[in-house]
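Novice: Supplied in structure tokens, the structure appears directly below.
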Amino acid sequence: MEESSAEAPDSSTQDDVPPLGETHHQQGLKTVFVQTLMFNSIGRNKSSGLCFSDGKSRIDYILVYRKSSSQSEKREVFERNIRAEGLHLEKEACLTNSDVIFLKLHAPWDVLCRYAECYIMELKVKSISFLMKRINKFRGWLPRKPMKFDNDTLPDLEENESFTAPFSRSRIHHFIIHNKDTFFSNATRSRIVHHILQRVKYEEGKNKMGLHRLLSNNSYEAAFPLHEGSYHSKNSIRTHGAENHRHLLYECWAWWGVWYKYQPLDLIRRYFGEKIGLYFAWLGWYTGMLFPAALVGLLVFLYGVFTLEHCEVSKEICQATDIIMCPICDQYCPYLRLSDSCIYAKVTHLFDNGATVFFAVFMAVWATVFLEFWKRRRAVLAYDWDLIDWEEEEDEIRPQFEAKYSKKERMNPISGKPEPYQAFTDKYSRLIVSTSGIFFMILVVIAAVFGIVIYRVITVSTFAAFGWALIRNNSQVATTGTAVCINFCIIMLLNLYEKVALLLTNLEQPRTESEWENSFTLKMFLFQFVNLNSSTFYIAFFLGRFTGRPGAYLRLINRWKLEECHPSGCLIDLCMQMGIIMVLKQTWNNFMELGYPLVQNWWTRRRLRREHGQNAKARFPQWERDYNLQPMNAYGLFDEYLEMILQFGFTTIFVAAFPLAPLLALLNNIIEIRLDAYKFVTQWRRPLPSQAKDIGIWYGILEGIGILSVITNAFVIAVTSDFIPRLVYAYKYGPCAGQGRAGEGCMMGYVNASLSVFRACQLIRYRDYREPPDSAEPYSYTLQFWHVLAARLAFIIVFEHMVFAIKTLIAYLIPDLPKDLRDRMRREKYLIQEMMYEAELDRLQKEKNEKKKKGRAHHKEWP
């Protein structure tokens with residue numbers, strides 16, 4: 001569902017937008033959260049394992065290593081340099097394995113201040129105005145929405161608002177510091193410590209630094225910030241409040257009982273960082289936008305249901321008991337009456353009806369509206385989360401790149417420092433090899449599709465001779481169904497492309513981590529997209545198109561006749577393909593996504609209970625409990641984004657053939673949000689809270705899918721469905737020809753006009769527009785064939801140009817930055833300048849008054 005920080009536990013809402021004069025962001029002065037959840041006392045922190053043994057120093061980061069590791073010298077140098085940076089360290093052995101050592105890190109106040117100033121962090125300086133409180137009070141009188149959290153029931157969700165500014169120790173008197181322990185949030189503290197660890201040396205040398213390298217060479221086994229305690233409690237959150245942010249997230253987000261409520265985006269962002277917060281914001285926005293698409297798709301399907309009894313084409317097929325069709329295979333397949341396809345003709349009408357074209361246009365426009373409004377939504381989130389002016393610092397050079405090209409250096413034009421340099425010829429030769437590898441793997445997928453085609457051609461004859469009458473009478477549907485299931489198994493088997501993508505990406509030797517990530521993402525998306533959709537493209541655009549005609553069939557390896565469409569059309573095969581693949585793929589993904597970490601963590605708990613008793617977990621400190629959880633996967637949010645992007649493609653690219661796709665996607669995503677939430681909160685170690693201001697390269701991929709969807713839906717309507725042939729018949733050849741109208745009454749005789757005649761031992765029919773055997777040019781294409789072909793080409797051109805024009809117009813009319821947000825930012829800039837000016841005047845006035853007091857005291861000493 002659409003997520004909004006309006007329903008978050010924070011009062012920095014999207015639905016309740018502050019008035020023009022009361023907004024609070026611009027020029028680095030924006031809204032932040034004041035830490036209102038003062039959950040744990042020092043004693044509770046100590047007992048739960050969130051502090052050092054003194055019970056006061058908060059643990060900001062955990063490093064884990066094994067005493068038996070051979071990298072002890074590097075660790076000693078690294079830890080000595082960590083202490084030199086001002087961090088406090090404490091070691092403790094694992095309770096269940098004496099070889100495992102936990103290194104606890106704490107950043108004291110002066111270190112946090114120093115790096116917050118260097119890191120240009122935004123921190124709170126001024127509280128919200130009285131007028132804003134009056135407005136929020138008035139809004140409290142309005143009716144509550146069931147999808148919003150009740151702040152009266154959950155008072156801990158209420159937050160105060162404040163201005164923020166870049167932190168400066170020289171202007172520390174401007175900042176609100178009620179408690180030094182809570183001024184910097186846990187996420188900020190962890191981010192600062194990680195920033196330090198990435199720049200600490202472990203050997204002498206300009207490139208011998210960083211925790212990332214120590215993790216890659218197994219000096220350390222793991223590195224993670226701590227969860228803020230347990231995610232469950234014996235006491236109800238409504239009566240006793242939340243014990244920590246993790247508990248609050250579980251109750252308000254990851255618990256299945258709140259599936260219908262908006263996501264608490266601000267709390268997610270505070271606990272997991274902006275990067276993960278933006279993923280769930282995008283997922284919630286996508287899910288919310290699926291509601292209208294699913295509703296319209298369901299209406300299109302219901303329109304087919306309600307008009308089924310009035311469909312002239314399906315009536316004629318059901319009544320055609322005297323029309324004998326060509327057999328669908330060479331052996332065992334009998335001659336069929338056209339009326340035997342009655343059920344399939346009716347099912348086809350459910351998806352291929354008069355509303356199909358409208359729905360295809362609607363979904364193309366929907367994809368554009370979704371992306372354009374997501375840009376606006378992202379801008380609002382970036383504003384609320386202090387990311388408007390945030391710029392990602394320059395990526396570090398990858399260690400592999402340094403090792404490969406350290407002998408050749410050039411001066412960096414930005415930093416002025418020497419850095420490794422990759423020659424032009426070396427770079428592009430590697431790129432050519434990598435591209436060739438991509439095309440080779442795509443050819444492997446196409447070969448797998450070709451194998452499925454051979455299976456379909458051979459199996460249809462086998463099913464036609466099957467002993468079970470149900471299978472024998474529905475041999476073509478049975479062939480399609482089993483082929484789709486086998487295709488799904490091949491799709492899952494070919495997911496091993498991940499290793500190939502890793503090999504090719506490392507072969508390219510990208511310079512920075514972001515370049516590596518973008519290159520790997522593109523390869524994996526191409527592999528998975530082709531793997532998932534290649535069979536669907538075959539069914540949509542090639543099945544039954546190049547089979548020839550009776551007496552002159554095209555054969556595979558000069559042996560097997562190519563597969564033909566069902567007498568009621570090819571769309572039923574495409575619907576089956578999409579429905580089965582979509583349901584199986586999403587079910588499998590959801591099972592593996594949650595099932596694997598659940599089984600792993602269950603096995604770990606079982607082993608600990610067997611070795612240390614039933615209550616072993618309760619006795620473990622927090623760092624040991626977190627260590628026993630599953631680490632976040634090596635590619636971060638890659639798998640989550642990839643799954644949803646592929647689903648977006650399935651939902652839009654062939655939606656004209658399967659209008660229920662948005663509904664299936666919606667139902668899956670409602671489950672997906674809670675699955676991901678449960679996984680992040682309960683099954684995974686806490687990931688490092690990272691900053692980001694957008695979803696990165698995925699947005700460009702989404703735009704590409706949106707463009708491709710227009711083209712494919714135009715071809716599906718024009719080529720795969722019978723929409724165009726029916727339209728040509730109604731206006732040109734049917735009973736209403738020349739009258740300028742079309743309807744079900746104008747379709748009388750369409751079935752007979754769409755079938756050609758072949759003379760065997762008797763006259764039999766087949767789907768095509770060819771002359772009869774006794775004509776001057778037997779089996780040549782009729783004039784109606786050329787009219788239909790011209791209409792199809794014209795429809796594709798008109799449809800694409802019209803939809804692209806609408807998409808361009810919508811993109812132009814919807815600005816990326818909402819007008820009210822732009823006005824709020826301008827107004828706030830003015831208010832902030834006034835506030836800072838008044839604060840400076842107050843400071844100068846106080847200094848002046850103090851000097852006057854000193855001057856009067858001095859005169860009293862001299863009569």
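Labels used: A, B, ... for chains in the order of the structure tokens, numbers from 1 for residues in each chain, and numbers from 1 for ligands as shown.
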Can you tell me which residues surround Ser535 (chain A) at a distance of at most 10 Å, considering only C-alpha atoms, apart from same-chain residues fewer than 4 positions away, and format the answer as a list in words?
Specialist: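 Result of the neighbour search: Val445, Ile446, Ala448, Val449, Phe450, Ile452, Val453, Ala483, Val484, Asn487, Phe488, Ile491, Val530, Asn531, Ile539, Ala540, Phe542, Leu574, Gln577 and Met578 of chain A.
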Novice: Just asking: which residues within region 511-671 of chain A are strand (DSSP E) according to DSSP, as a ChimeraX atom specification?
Specialist: /A:548-549,552-553,555-556,560-561
Novice: Ranking A:Asn713, A:Asn179, A:Thr505, A:Gln331 by minimum distance to Thr435 (chain A) and counting only C-alpha atoms, which one comes first?
Specialist: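 Of the candidates, the smallest distance to Thr435 (chain A) is held by A:Thr505.
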Novice: State, in Å with one decimal place, the distance from CA of Ile572 (chain A) to CA of Thr348 (chain A).
Specialist: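 A separation of 5.7 Å between them.
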Novice: Which one is closest to Tyr769 (chain A): A:Pro567, A:Lys846, A:Arg199, A:Ser754? Count only C-alpha atoms.
Specialist: A:Ser754
Novice: Counting only C-alpha atoms, which of A:Leu642, A:Ile581, A:Leu813, A:Val300 gets nearest to Met492 (chain A)?
Specialist: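 Among the listed residues, the smallest separation from Met492 (chain A) belongs to A:Ile581.
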Novice: Neighbouring residues of Tyr279 (chain A) were defined as those with any atom within 9 Å, considering only C-alpha atoms; residues of the same chain fewer than 3 positions away were excluded. Please report them as a PyMOL selection string.
Specialist: chain A and resi 274-276+282-284+637+640-641+694-695
Novice: Nearest to Glu508 (chain A) among A:Phe463, A:Tyr627, A:Phe401, A:Tyr733, with distances taken over only C-alpha atoms: which residue is it?
Specialist: A:Phe401
Novice: Ranking A:Leu688, A:Ile317, A:Leu249, A:Val681 by minimum distance to Ala187 (chain A) and counting only C-alpha atoms, which one comes first?
Specialist: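 Of all the options, A:Leu688 lies closest to Ala187 (chain A).
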Novice: Contacts of Arg759 (chain A) at 10 Å or less, counting only C-alpha atoms, minus same-chain residues fewer than 6 places along, as a PyMOL selection string?
Specialist: chain A and resi 550-551+765+772-774
Novice: Would you output that residue set with C-alpha atoms, as a compact mmCIF listing (two decimals), in the first residue's frame?
Specialist:
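So part-v4.txt came out as:
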# COMPACT_ATOMS: atom_id res chain seq x y z
CA PRO A 550 -1.79 -27.38 -44.54
CA GLY A 551 0.10 -29.23 -47.23
CA ARG A 765 -10.66 -25.39 -42.10
CA PRO A 772 -9.76 -21.74 -51.54
CA PRO A 773 -8.19 -24.69 -53.42
CA ASP A 774 -10.46 -24.21 -56.49
